[in-house]
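First the structure, in the form of structure tokens, and then the observations on it.
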Amino acid sequence: MEIHAPDRPITGWSDAAKHLAIITFGVLIALALEGTVSWADHRMLVREARANLIAEISNNRKELDGLFANIEREQKELEAADRVAQVLLDHGELGQLDISLSWNFAELKNAAVTTGEITGAFGHMDYAEVKHFADAYDLQGQFLRSQERQMQEFQTVFAFIRRITQETPPSAASIEDWRGRINGALAGLTFQEELGRALIKRYDELLK
């Protein structure tokens with residue numbers, strides 16, 4: 001904004017007052033225009049942030065749907081492994097050993113939240129709306145931590161299988177420990193599914 005000096009000398013108080021009034025009016029108009037432009041920029045920033053969040057949540061929901069499609073199979077595989085452990089404890093014949101274990105995970109993103117924080121978009125959104133998004137992403141963080149713990153449990157269960165095929169069989173104590181790990185993995189799957197269902201509910205509330 002530029003303020004120019006009068007093009008002729010000021011001759012009296014009335015003339016000075018007139019020029020001051022013109023300058024003041026011009027300053028107010030410039031500030032109003034600047035405020036309008038800033039408001040429009042903030043609204044655009046909020047719209048982009050909201051669209052990014054909704055798109056990301058929609059993709060995360062699809063990831064969870066794919067995960068749930070495999071949970072029942074994973075449970076059956078762990079139950080079969082538990083039966084193998086029982087046979088080993090009973091000193092029974094395994095016959096042709098066939099243990100199949102698989103593990104799937106959901107790759108849930110949070111880039112839209114990080115972008116919203118960096119650009120300051122959340123500061124221009126309604127508190128209630130920001131809270132709804134924050135609640136969903138907080139629960140998503142809990143789910144991802146649970147999924148990571150579940151992966152560690154599964155790795156322990158899977159690693160024991162090679163010991164079964166070795167010439168020296170594993171001890172009864174180690175087999176009991178393996179069974180405990182298997183049961184822990186089964187319980188973890190159940191908890192993971194419940195947490196995931198709750199997360200989908202949060203997602204759906206934001207997507208409707």
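For the structure tokens, the naming scheme is as follows: chains receive sequential letters (A, B, ...) according to their order of presentation, residues are indexed from 1 within each chain, and ligands are indexed from 1 in presentation order.
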May I have the residues within 12 Å of stretch 187-194 of chain A as a PyMOL selection string, using only C-alpha atoms and disregarding those fewer than 5 positions away in the same chain?
chain A and resi 64-79+103-106+139-140+142-154+180-182+199-201
When you look at stretch 169-176 of chain A with a cut-off of 10 Å (counting only C-alpha atoms), what residues show up, excluding the ones that are within fewer than 5 positions of it in the same chain? I need them as JSON, numbers by chain.
{"A": [82, 84, 85, 86, 88, 89, 90, 91, 160, 163, 164, 181, 182]}
Who sits within 7 Å of A:Asn60, only C-alpha atoms, same chain under 3 positions skipped, as a PyMOL selection string
chain A and resi 56-57+63-64+108-109
For the residues in the current selection, export N, CA, C and O atoms as a PDB file, in the first residue's frame.
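Once written, result_20.pdb looks like this:
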ATOM      1  N   GLU A  56      -7.827 -39.356   2.169  1.00  0.00           N
ATOM      2  CA  GLU A  56      -6.916 -40.248   2.889  1.00  0.00           C
ATOM      3  C   GLU A  56      -7.692 -41.228   3.765  1.00  0.00           C
ATOM      4  O   GLU A  56      -7.373 -42.428   3.818  1.00  0.00           O
ATOM      5  N   ILE A  57      -8.706 -40.740   4.455  1.00  0.00           N
ATOM      6  CA  ILE A  57      -9.522 -41.602   5.315  1.00  0.00           C
ATOM      7  C   ILE A  57     -10.251 -42.649   4.482  1.00  0.00           C
ATOM      8  O   ILE A  57     -10.368 -43.820   4.886  1.00  0.00           O
ATOM      9  N   GLU A  63      -8.119 -50.033   3.076  1.00  0.00           N
ATOM     10  CA  GLU A  63      -7.027 -50.859   3.597  1.00  0.00           C
ATOM     11  C   GLU A  63      -7.524 -51.773   4.718  1.00  0.00           C
ATOM     12  O   GLU A  63      -7.164 -52.956   4.781  1.00  0.00           O
ATOM     13  N   LEU A  64      -8.336 -51.224   5.605  1.00  0.00           N
ATOM     14  CA  LEU A  64      -8.865 -52.024   6.710  1.00  0.00           C
ATOM     15  C   LEU A  64      -9.799 -53.112   6.204  1.00  0.00           C
ATOM     16  O   LEU A  64      -9.794 -54.230   6.717  1.00  0.00           O
ATOM     17  N   LEU A 108      -1.905 -47.735   6.891  1.00  0.00           N
ATOM     18  CA  LEU A 108      -2.756 -46.565   7.088  1.00  0.00           C
ATOM     19  C   LEU A 108      -1.911 -45.294   7.087  1.00  0.00           C
ATOM     20  O   LEU A 108      -0.916 -45.201   7.796  1.00  0.00           O
ATOM     21  N   LYS A 109      -2.333 -44.326   6.299  1.00  0.00           N
ATOM     22  CA  LYS A 109      -1.567 -43.091   6.112  1.00  0.00           C
ATOM     23  C   LYS A 109      -2.062 -41.975   7.038  1.00  0.00           C
ATOM     24  O   LYS A 109      -3.222 -41.969   7.468  1.00  0.00           O
TER      25      LYS A 109
END
What's the separation between atom CA of A:Val46 and atom CA of A:Ala111, in Å to one decimal place?
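Those two atoms sit 15.4 Å apart.
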